[in-house]
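Shown next: my_file16.pdb, given as PDB, C-alpha atoms and all ligand atoms.
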MODEL        1
ATOM      1  CA  MET A   1     106.905 -25.837 385.782
ATOM      2  CA  ILE A   2     105.418 -25.891 382.265
ATOM      3  CA  ARG A   3     101.708 -25.052 382.434
ATOM      4  CA  LYS A   4     100.885 -23.896 378.924
ATOM      5  CA  ALA A   5     101.121 -25.404 375.454
ATOM      6  CA  VAL A   6     100.731 -23.572 372.157
ATOM      7  CA  PHE A   7      99.279 -25.402 369.146
ATOM      8  CA  PRO A   8      99.811 -23.626 365.814
ATOM      9  CA  ALA A   9      96.748 -24.609 363.774
ATOM     10  CA  ALA A  10      96.159 -21.851 361.254
ATOM     11  CA  GLY A  11      97.684 -23.486 358.145
ATOM     12  CA  PHE A  12      95.684 -24.185 354.994
ATOM     13  CA  GLY A  13      96.486 -27.904 354.906
ATOM     14  CA  THR A  14      97.121 -27.696 351.170
ATOM     15  CA  ARG A  15      98.705 -31.162 351.052
ATOM     16  CA  PHE A  16      95.343 -32.676 351.941
ATOM     17  CA  LEU A  17      93.153 -30.792 349.503
ATOM     18  CA  PRO A  18      90.343 -31.253 348.695
ATOM     19  CA  ALA A  19      89.707 -32.914 352.109
ATOM     20  CA  THR A  20      90.831 -29.725 353.861
ATOM     21  CA  LYS A  21      88.875 -27.314 351.683
ATOM     22  CA  ALA A  22      86.234 -26.684 354.346
ATOM     23  CA  SER A  23      87.541 -28.613 357.358
ATOM     24  CA  PRO A  24      90.869 -28.122 359.135
ATOM     25  CA  LYS A  25      93.661 -30.662 358.722
ATOM     26  CA  GLU A  26      94.025 -30.681 362.515
ATOM     27  CA  MET A  27      90.642 -32.437 362.605
ATOM     28  CA  LEU A  28      91.650 -35.309 360.300
ATOM     29  CA  PRO A  29      91.169 -38.471 362.347
ATOM     30  CA  LEU A  30      94.017 -40.632 363.504
ATOM     31  CA  VAL A  31      92.008 -43.815 364.169
ATOM     32  CA  ASP A  32      89.158 -42.206 366.144
ATOM     33  CA  LYS A  33      90.591 -38.928 367.431
ATOM     34  CA  PRO A  34      91.443 -35.771 365.503
ATOM     35  CA  LEU A  35      95.187 -35.164 365.089
ATOM     36  CA  ILE A  36      95.097 -32.159 367.415
ATOM     37  CA  GLN A  37      93.456 -34.182 370.184
ATOM     38  CA  HIS A  38      96.436 -36.546 370.172
ATOM     39  CA  GLY A  39      98.635 -33.475 370.740
ATOM     40  CA  VAL A  40      96.395 -32.150 373.503
ATOM     41  CA  GLU A  41      96.449 -35.536 375.252
ATOM     42  CA  GLU A  42     100.242 -35.602 375.078
ATOM     43  CA  ALA A  43     100.321 -32.156 376.730
ATOM     44  CA  LYS A  44      97.874 -33.262 379.430
ATOM     45  CA  ALA A  45     100.005 -36.337 380.099
ATOM     46  CA  ALA A  46     102.952 -33.988 380.620
ATOM     47  CA  GLY A  47     101.032 -32.079 383.313
ATOM     48  CA  ILE A  48      99.968 -29.147 381.124
ATOM     49  CA  ARG A  49      96.533 -27.625 381.667
ATOM     50  CA  ASP A  50      96.298 -24.534 379.467
ATOM     51  CA  MET A  51      95.997 -25.271 375.752
ATOM     52  CA  ILE A  52      96.454 -22.204 373.542
ATOM     53  CA  ILE A  53      95.344 -22.934 370.005
ATOM     54  CA  VAL A  54      96.393 -20.544 367.249
ATOM     55  CA  THR A  55      93.646 -20.757 364.648
ATOM     56  CA  GLY A  56      92.522 -18.969 361.537
ATOM     57  CA  ARG A  57      89.556 -18.727 359.196
ATOM     58  CA  GLY A  58      87.540 -21.923 358.816
ATOM     59  CA  LYS A  59      88.847 -23.462 362.041
ATOM     60  CA  ASN A  60      85.787 -22.959 364.265
ATOM     61  CA  VAL A  61      85.134 -26.682 364.387
ATOM     62  CA  ILE A  62      88.312 -27.037 366.508
ATOM     63  CA  GLU A  63      86.680 -24.824 369.154
ATOM     64  CA  ASP A  64      83.484 -26.863 368.988
ATOM     65  CA  HIS A  65      85.451 -30.075 369.395
ATOM     66  CA  PHE A  66      87.108 -28.888 372.604
ATOM     67  CA  ASP A  67      83.830 -27.678 374.068
ATOM     68  CA  VAL A  68      81.189 -29.523 376.057
ATOM     69  CA  SER A  69      78.462 -30.820 373.754
ATOM     70  CA  PHE A  70      75.505 -30.592 376.095
ATOM     71  CA  GLU A  71      72.942 -32.165 373.746
ATOM     72  CA  LEU A  72      75.227 -35.069 372.838
ATOM     73  CA  GLU A  73      76.065 -35.754 376.478
ATOM     74  CA  ALA A  74      72.388 -35.571 377.510
ATOM     75  CA  THR A  75      71.439 -38.019 374.737
ATOM     76  CA  LEU A  76      74.171 -40.499 375.674
ATOM     77  CA  ARG A  77      73.233 -40.233 379.349
ATOM     78  CA  LYS A  78      69.597 -40.921 378.522
ATOM     79  CA  LYS A  79      70.603 -43.941 376.478
ATOM     80  CA  GLY A  80      72.762 -45.161 379.338
ATOM     81  CA  ASP A  81      75.815 -45.339 377.067
ATOM     82  CA  GLY A  82      78.444 -44.733 379.734
ATOM     83  CA  LEU A  83      81.377 -45.763 377.573
ATOM     84  CA  LEU A  84      80.686 -43.281 374.791
ATOM     85  CA  LEU A  85      79.829 -40.604 377.341
ATOM     86  CA  ALA A  86      83.223 -41.069 378.999
ATOM     87  CA  LEU A  87      84.961 -40.878 375.595
ATOM     88  CA  VAL A  88      83.211 -37.611 374.797
ATOM     89  CA  GLN A  89      83.821 -36.070 378.220
ATOM     90  CA  HIS A  90      87.484 -37.040 378.083
ATOM     91  CA  VAL A  91      87.972 -34.591 375.176
ATOM     92  CA  THR A  92      87.418 -31.567 377.428
ATOM     93  CA  ASP A  93      88.349 -32.935 380.858
ATOM     94  CA  GLY A  94      91.466 -31.771 382.641
ATOM     95  CA  ALA A  95      92.289 -28.847 380.369
ATOM     96  CA  ASP A  96      91.320 -25.263 379.587
ATOM     97  CA  PHE A  97      91.280 -24.087 375.986
ATOM     98  CA  PHE A  98      92.199 -20.631 374.737
ATOM     99  CA  TYR A  99      92.112 -19.351 371.180
ATOM    100  CA  VAL A 100      93.920 -16.656 369.304
ATOM    101  CA  ARG A 101      93.853 -15.971 365.587
ATOM    102  CA  GLN A 102      96.790 -15.826 363.241
ATOM    103  CA  ASN A 103      95.210 -13.617 360.640
ATOM    104  CA  LEU A 104      98.132 -13.612 358.201
ATOM    105  CA  PRO A 105     100.014 -16.695 356.963
ATOM    106  CA  LEU A 106     103.454 -15.402 357.951
ATOM    107  CA  GLY A 107     104.968 -18.642 359.239
ATOM    108  CA  LEU A 108     105.453 -20.788 362.338
ATOM    109  CA  GLY A 109     107.365 -18.085 364.231
ATOM    110  CA  HIS A 110     104.547 -15.634 363.610
ATOM    111  CA  ALA A 111     101.987 -18.207 364.826
ATOM    112  CA  VAL A 112     103.876 -18.658 368.113
ATOM    113  CA  LEU A 113     104.211 -14.880 368.476
ATOM    114  CA  ARG A 114     100.415 -14.592 368.359
ATOM    115  CA  ALA A 115     100.314 -16.471 371.696
ATOM    116  CA  MET A 116     102.588 -13.942 373.433
ATOM    117  CA  ALA A 117      99.895 -12.238 375.545
ATOM    118  CA  MET A 118      98.359 -15.546 376.639
ATOM    119  CA  VAL A 119     101.688 -17.145 377.550
ATOM    120  CA  GLY A 120     103.033 -14.144 379.481
ATOM    121  CA  GLN A 121     106.309 -14.388 381.352
ATOM    122  CA  GLU A 122     106.724 -18.128 381.767
ATOM    123  CA  PRO A 123     108.277 -21.048 379.898
ATOM    124  CA  PHE A 124     105.850 -22.946 377.674
ATOM    125  CA  ALA A 125     105.585 -25.823 375.206
ATOM    126  CA  VAL A 126     104.841 -25.778 371.486
ATOM    127  CA  ILE A 127     103.269 -28.819 369.830
ATOM    128  CA  LEU A 128     102.951 -29.248 366.067
ATOM    129  CA  SER A 129     100.140 -31.771 365.915
ATOM    130  CA  ASP A 130     101.047 -33.113 362.480
ATOM    131  CA  ASP A 131     104.192 -34.576 364.016
ATOM    132  CA  VAL A 132     102.594 -37.687 365.489
ATOM    133  CA  ILE A 133     104.820 -39.593 367.883
ATOM    134  CA  ASP A 134     104.111 -43.057 369.183
ATOM    135  CA  ALA A 135     106.001 -43.231 372.471
ATOM    136  CA  GLU A 136     105.721 -45.191 375.682
ATOM    137  CA  VAL A 137     106.478 -42.045 377.695
ATOM    138  CA  PRO A 138     104.833 -39.040 375.993
ATOM    139  CA  VAL A 139     107.568 -37.045 374.261
ATOM    140  CA  LEU A 140     106.758 -33.766 375.986
ATOM    141  CA  LYS A 141     107.069 -35.539 379.332
ATOM    142  CA  GLN A 142     110.506 -36.863 378.310
ATOM    143  CA  MET A 143     111.487 -33.326 377.302
ATOM    144  CA  ILE A 144     110.302 -31.728 380.549
ATOM    145  CA  ALA A 145     112.408 -34.261 382.475
ATOM    146  CA  ALA A 146     115.475 -33.277 380.395
ATOM    147  CA  TYR A 147     114.599 -29.562 380.795
ATOM    148  CA  GLU A 148     114.616 -29.913 384.574
ATOM    149  CA  LYS A 149     117.585 -32.260 384.830
ATOM    150  CA  HIS A 150     119.856 -30.071 382.689
ATOM    151  CA  SER A 151     118.551 -26.658 383.842
ATOM    152  CA  ALA A 152     117.779 -25.800 380.249
ATOM    153  CA  GLY A 153     116.390 -22.551 378.880
ATOM    154  CA  ALA A 154     114.896 -24.301 375.842
ATOM    155  CA  VAL A 155     114.552 -27.915 374.721
ATOM    156  CA  LEU A 156     113.899 -28.950 371.120
ATOM    157  CA  ALA A 157     112.838 -32.465 370.149
ATOM    158  CA  ILE A 158     115.338 -33.812 367.626
ATOM    159  CA  GLN A 159     115.720 -36.914 365.499
ATOM    160  CA  LYS A 160     118.242 -38.152 362.946
ATOM    161  CA  VAL A 161     116.858 -37.941 359.404
ATOM    162  CA  PRO A 162     118.279 -39.139 356.079
ATOM    163  CA  ARG A 163     120.648 -36.567 354.503
ATOM    164  CA  GLU A 164     118.412 -36.140 351.471
ATOM    165  CA  ALA A 165     115.537 -35.108 353.775
ATOM    166  CA  VAL A 166     117.295 -32.323 355.734
ATOM    167  CA  SER A 167     115.839 -29.568 353.558
ATOM    168  CA  ARG A 168     112.379 -30.259 355.015
ATOM    169  CA  TYR A 169     113.455 -29.458 358.588
ATOM    170  CA  GLY A 170     115.216 -27.149 360.980
ATOM    171  CA  ILE A 171     118.658 -28.723 361.470
ATOM    172  CA  ILE A 172     120.870 -28.247 364.517
ATOM    173  CA  ARG A 173     124.611 -28.322 365.109
ATOM    174  CA  GLY A 174     125.309 -29.412 368.650
ATOM    175  CA  LYS A 175     127.663 -31.024 371.112
ATOM    176  CA  ARG A 176     126.469 -34.192 372.823
ATOM    177  CA  ILE A 177     126.515 -33.571 376.590
ATOM    178  CA  ALA A 178     124.608 -36.620 377.869
ATOM    179  CA  ASP A 179     122.674 -39.608 376.614
ATOM    180  CA  ARG A 180     120.171 -38.205 374.051
ATOM    181  CA  VAL A 181     121.040 -34.606 374.983
ATOM    182  CA  TYR A 182     122.847 -32.059 372.793
ATOM    183  CA  ARG A 183     123.899 -28.525 373.590
ATOM    184  CA  VAL A 184     122.759 -26.610 370.492
ATOM    185  CA  GLU A 185     125.455 -24.361 369.007
ATOM    186  CA  ASP A 186     123.753 -23.398 365.774
ATOM    187  CA  MET A 187     120.671 -24.184 363.771
ATOM    188  CA  VAL A 188     119.347 -23.508 360.303
ATOM    189  CA  GLU A 189     115.876 -23.783 358.786
ATOM    190  CA  LYS A 190     115.494 -26.009 355.725
ATOM    191  CA  PRO A 191     119.139 -26.114 354.562
ATOM    192  CA  LYS A 192     120.272 -27.722 351.310
ATOM    193  CA  PRO A 193     121.801 -31.152 352.066
ATOM    194  CA  GLU A 194     125.319 -29.879 351.240
ATOM    195  CA  ALA A 195     124.912 -26.915 353.625
ATOM    196  CA  ALA A 196     123.321 -28.815 356.545
ATOM    197  CA  PRO A 197     125.383 -28.730 359.760
ATOM    198  CA  SER A 198     124.284 -32.286 360.704
ATOM    199  CA  ASP A 199     121.477 -34.782 360.158
ATOM    200  CA  LEU A 200     119.741 -33.914 363.450
ATOM    201  CA  ALA A 201     116.338 -32.461 362.616
ATOM    202  CA  ILE A 202     113.962 -30.534 364.843
ATOM    203  CA  ILE A 203     110.649 -32.365 365.279
ATOM    204  CA  GLY A 204     107.493 -30.513 366.317
ATOM    205  CA  ARG A 205     107.876 -30.358 370.101
ATOM    206  CA  TYR A 206     109.526 -27.422 371.851
ATOM    207  CA  ILE A 207     109.955 -26.059 375.358
ATOM    208  CA  LEU A 208     110.696 -22.358 375.081
ATOM    209  CA  PRO A 209     111.464 -19.496 377.464
ATOM    210  CA  PRO A 210     109.398 -16.271 377.336
ATOM    211  CA  SER A 211     112.474 -14.519 375.897
ATOM    212  CA  ILE A 212     111.485 -16.165 372.587
ATOM    213  CA  PHE A 213     108.863 -13.429 372.109
ATOM    214  CA  PRO A 214     111.209 -10.430 371.853
ATOM    215  CA  ALA A 215     113.436 -12.637 369.681
ATOM    216  CA  LEU A 216     110.477 -13.373 367.390
ATOM    217  CA  LEU A 217     109.570  -9.687 367.234
ATOM    218  CA  ALA A 218     113.093  -8.990 365.971
ATOM    219  CA  THR A 219     113.153 -11.905 363.486
ATOM    220  CA  LYS A 220     113.089 -10.988 359.803
ATOM    221  CA  PRO A 221     111.439 -13.297 357.251
ATOM    222  CA  GLY A 222     113.723 -16.270 356.530
ATOM    223  CA  ALA A 223     113.318 -19.541 354.590
ATOM    224  CA  GLY A 224     110.271 -19.365 352.308
ATOM    225  CA  GLY A 225     109.784 -15.675 353.175
ATOM    226  CA  GLU A 226     108.252 -16.679 356.543
ATOM    227  CA  ILE A 227     109.029 -15.678 360.144
ATOM    228  CA  GLN A 228     110.811 -18.847 361.225
ATOM    229  CA  LEU A 229     110.725 -20.141 364.801
ATOM    230  CA  THR A 230     114.124 -21.725 364.130
ATOM    231  CA  ASP A 231     115.691 -18.305 363.433
ATOM    232  CA  ALA A 232     114.310 -16.842 366.668
ATOM    233  CA  ILE A 233     115.545 -19.794 368.760
ATOM    234  CA  ARG A 234     118.944 -19.436 367.096
ATOM    235  CA  ALA A 235     119.076 -15.828 368.337
ATOM    236  CA  LEU A 236     118.644 -17.130 371.913
ATOM    237  CA  ILE A 237     121.664 -19.436 371.815
ATOM    238  CA  GLY A 238     124.043 -16.826 373.316
ATOM    239  CA  THR A 239     121.804 -16.045 376.294
ATOM    240  CA  GLU A 240     119.789 -19.239 376.931
ATOM    241  CA  ARG A 241     120.900 -22.816 377.358
ATOM    242  CA  VAL A 242     119.303 -24.379 374.248
ATOM    243  CA  LEU A 243     119.276 -28.178 374.235
ATOM    244  CA  GLY A 244     118.307 -30.742 371.620
ATOM    245  CA  TYR A 245     116.717 -33.893 373.010
ATOM    246  CA  GLU A 246     116.730 -37.088 370.950
ATOM    247  CA  PHE A 247     113.380 -38.485 372.064
ATOM    248  CA  GLU A 248     112.372 -42.123 372.430
ATOM    249  CA  GLY A 249     109.500 -43.020 370.133
ATOM    250  CA  VAL A 250     108.473 -43.465 366.520
ATOM    251  CA  ARG A 251     107.545 -40.306 364.669
ATOM    252  CA  TYR A 252     105.162 -40.044 361.718
ATOM    253  CA  ASP A 253     104.971 -36.985 359.519
ATOM    254  CA  ALA A 254     101.193 -36.777 359.426
ATOM    255  CA  GLY A 255     101.536 -33.499 357.529
ATOM    256  CA  THR A 256     101.999 -35.577 354.360
ATOM    257  CA  LYS A 257      99.501 -38.019 352.876
ATOM    258  CA  LEU A 258     101.920 -40.949 353.082
ATOM    259  CA  GLY A 259     102.988 -40.209 356.678
ATOM    260  CA  PHE A 260      99.371 -39.679 357.691
ATOM    261  CA  GLN A 261      98.333 -43.071 356.276
ATOM    262  CA  MET A 262     101.351 -44.772 357.886
ATOM    263  CA  ALA A 263     100.413 -43.263 361.263
ATOM    264  CA  ASN A 264      96.851 -44.475 360.816
ATOM    265  CA  VAL A 265      97.968 -48.005 359.961
ATOM    266  CA  ALA A 266     100.442 -48.129 362.875
ATOM    267  CA  PHE A 267      97.952 -46.765 365.422
ATOM    268  CA  SER A 268      95.085 -48.894 364.076
ATOM    269  CA  LEU A 269      97.174 -52.071 364.305
ATOM    270  CA  LYS A 270      97.657 -51.316 368.020
ATOM    271  CA  ASP A 271      93.948 -50.789 368.562
ATOM    272  CA  PRO A 272      92.399 -53.868 370.213
ATOM    273  CA  ASP A 273      89.069 -53.394 368.392
ATOM    274  CA  ILE A 274      90.251 -52.988 364.820
ATOM    275  CA  GLY A 275      93.905 -54.125 364.907
ATOM    276  CA  PRO A 276      93.350 -57.859 364.320
ATOM    277  CA  GLY A 277      90.876 -57.222 361.472
ATOM    278  CA  LEU A 278      93.197 -54.730 359.799
ATOM    279  CA  LEU A 279      96.155 -57.102 360.103
ATOM    280  CA  ALA A 280      94.183 -59.926 358.486
ATOM    281  CA  PHE A 281      93.166 -57.562 355.673
ATOM    282  CA  LEU A 282      96.730 -56.349 355.082
ATOM    283  CA  ARG A 283      98.059 -59.912 354.991
ATOM    284  CA  LYS A 284      95.458 -60.892 352.405
ATOM    285  CA  GLU A 285      96.172 -57.778 350.299
ATOM    286  CA  LYS A 286      99.886 -58.554 350.269
ATOM    287  CA  SER A 287      99.650 -62.226 349.402
ATOM    288  CA  PRO A 288      99.625 -63.126 345.668
TER     289      PRO A 288
HETATM  290  C1  LIG A 301     108.468 -26.804 361.028
HETATM  291  C2  LIG A 301     109.732 -26.129 361.541
HETATM  292  C3  LIG A 301     110.948 -27.004 361.286
HETATM  293  C4  LIG A 301     110.736 -28.375 361.900
HETATM  294  C5  LIG A 301     109.423 -29.000 361.376
HETATM  295  C6  LIG A 301     109.111 -30.289 362.113
HETATM  296  O1  LIG A 301     108.538 -26.884 359.626
HETATM  297  O2  LIG A 301     109.881 -24.868 360.885
HETATM  298  O3  LIG A 301     112.102 -26.412 361.850
HETATM  299  O4  LIG A 301     111.840 -29.202 361.563
HETATM  300  O5  LIG A 301     108.321 -28.113 361.587
HETATM  301  O6  LIG A 301     107.980 -30.905 361.597
HETATM  302  P1  LIG A 301     107.226 -27.138 358.693
HETATM  303  O7  LIG A 301     106.957 -28.610 358.802
HETATM  304  O8  LIG A 301     106.143 -26.306 359.270
HETATM  305  O9  LIG A 301     107.645 -26.733 357.327
ENDMDL
END
Represent the structure from my file as structure tokens, please.
Ligand code: G1P
Amino acid sequence: MIRKAVFPAAGFGTRFLPATKASPKEMLPLVDKPLIQHGVEEAKAAGIRDMIIVTGRGKNVIEDHFDVSFELEATLRKKGDGLLLALVQHVTDGADFFYVRQNLPLGLGHAVLRAMAMVGQEPFAVILSDDVIDAEVPVLKQMIAAYEKHSAGAVLAIQKVPREAVSRYGIIRGKRIADRVYRVEDMVEKPKPEAAPSDLAIIGRYILPPSIFPALLATKPGAGGEIQLTDAIRALIGTERVLGYEFEGVRYDAGTKLGFQMANVAFSLKDPDIGPGLLAFLRKEKSP
């Protein structure tokens, strides 16, 4: 059973400067919820209760967000605004939040390593909240089903990407063993297109065994001089059954300005309150 999810959230969000100068990129709103709340809700929907958020300087507002706001709740209760009260309570319901700091920007692998003591000796999930995925069945839930069905040691979300984009991702080489499922034989972080073993990219959802921690401790800086999660998972391939799972859903790279805006448009169009108005606006904008 997967009970814990780790959310790396210590990055500087440089692509969104100056918006992220004093507020974390994880708090940028996708329609009406911060990006990281979408990730937390996906984890909850997959049956996970413990949310371990790896933060850094200037990220305190994330802790405030996932905390009960007594004054706000009391005010809404007094006003009799049950709908808003439910929305606010939903943020903290059904989960426990734990925080650990990543005090040096040494990479994704290093961020996950910071959660070692809180995760302990059990398998866990990792969610990169700037990979936003619109899916009928939450992606982590799909992955847990594959993890159980195929007795996996690790499951990585994967997706085909255009060849010219492979250098932005971890890329796997694998053998297809079932519908949507690959046995991973090798993987490389941010390869040049000519050196990429395939066009199957790792997207920000992982199920990992606790043996990832000793592997991370032994991982030397890789691509970009950072401790790469991809390199540590690669070291597990001989001893753990590492699977790639081609998830069902549409993924937006909300870590870039364009992807973030596309995610906002797509999610807003689905929103019953603002979707019709936005659609009318977009149609008018497009017409000559
Ligand atoms: C990270 C991982 C990479 C993965 C990507 C998915 O890269 O290192 O393997 O493909 O997330 O979004 P980053 O986006 O942090 O550079």
Using all atoms listed in the file, which residues of the polymer chains come no farther than 6 Å from ligand LIG 301 (chain A)? I'd like the answer as a count of residues only.
9
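For Leu269 in chain A, the non-local neighbours within 12 Å, defined as residues at least 2 positions apart in the same chain or in other chains and counting all atoms listed in the file, are Leu30, Val31, Met262, Ala263, Asn264, Val265, Ala266, Phe267, Asp271, Pro272, Asp273, Ile274, Gly275, Pro276, Gly277, Leu278, Leu279, Ala280, Phe281 and Leu282 of chain A.
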Report the closest atom pair, with its distance in Å rounded to one decimal, for each residue of range 126-163 of chain A that has an atom no farther than 12 Å from range 99-111 of chain A; count only C-alpha atoms, sort by chain and then rising residue number, and write it as a Markdown table.
| residue | atom | partner | partner_atom | distance |
| --- | --- | --- | --- | --- |
| A:Val126 | CA | A:Leu108 | CA | 10.4 |
| A:Ile127 | CA | A:Leu108 | CA | 11.2 |
| A:Leu128 | CA | A:Leu108 | CA | 9.6 |
Find the residue from A:Gly225, A:Pro8, A:Gly244, A:Pro138 that sits nearest to Ile172 in chain A; use only C-alpha atoms when measuring.
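Checking each candidate against Ile172 in chain A, we get A:Gly244 as the closest.
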CA of Ala135 in chain A to CA of Leu200 in chain A measures 18.9 Å
Give me, as a list in words, all polymer residues having an atom no more than 10 Å from Ile52 in chain A, counting only C-alpha atoms and skipping those fewer than 4 positions away in the same chain.
Lys4, Ala5, Val6, Phe7, Pro8, Val40, Asp96, Phe97, Phe98, Tyr99, Val100, Val112, Ala115, Met118, Val119, Ala125 and Val126 of chain A
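Closest to Val184 in chain A among A:Glu226, A:Glu240, A:Asp81, A:Glu136 is A:Glu240, based on only C-alpha atoms.
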Could you tell me how far CA of Ala95 in chain A lies from CA of Met51 in chain A, in Å and to one decimal?
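Value for the CA of Ala95 in chain A-CA of Met51 in chain A distance: 6.9 Å.
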Find the smallest box with edges along x, y and z containing every listed atom of range 257-262 of chain A, then add 8 Å on each side and report centre and edge lengths in Å to one decimal, as JSON.
{"center_x": 100.7, "center_y": -41.4, "center_z": 355.4, "size_x": 20.7, "size_y": 22.8, "size_z": 21.0}
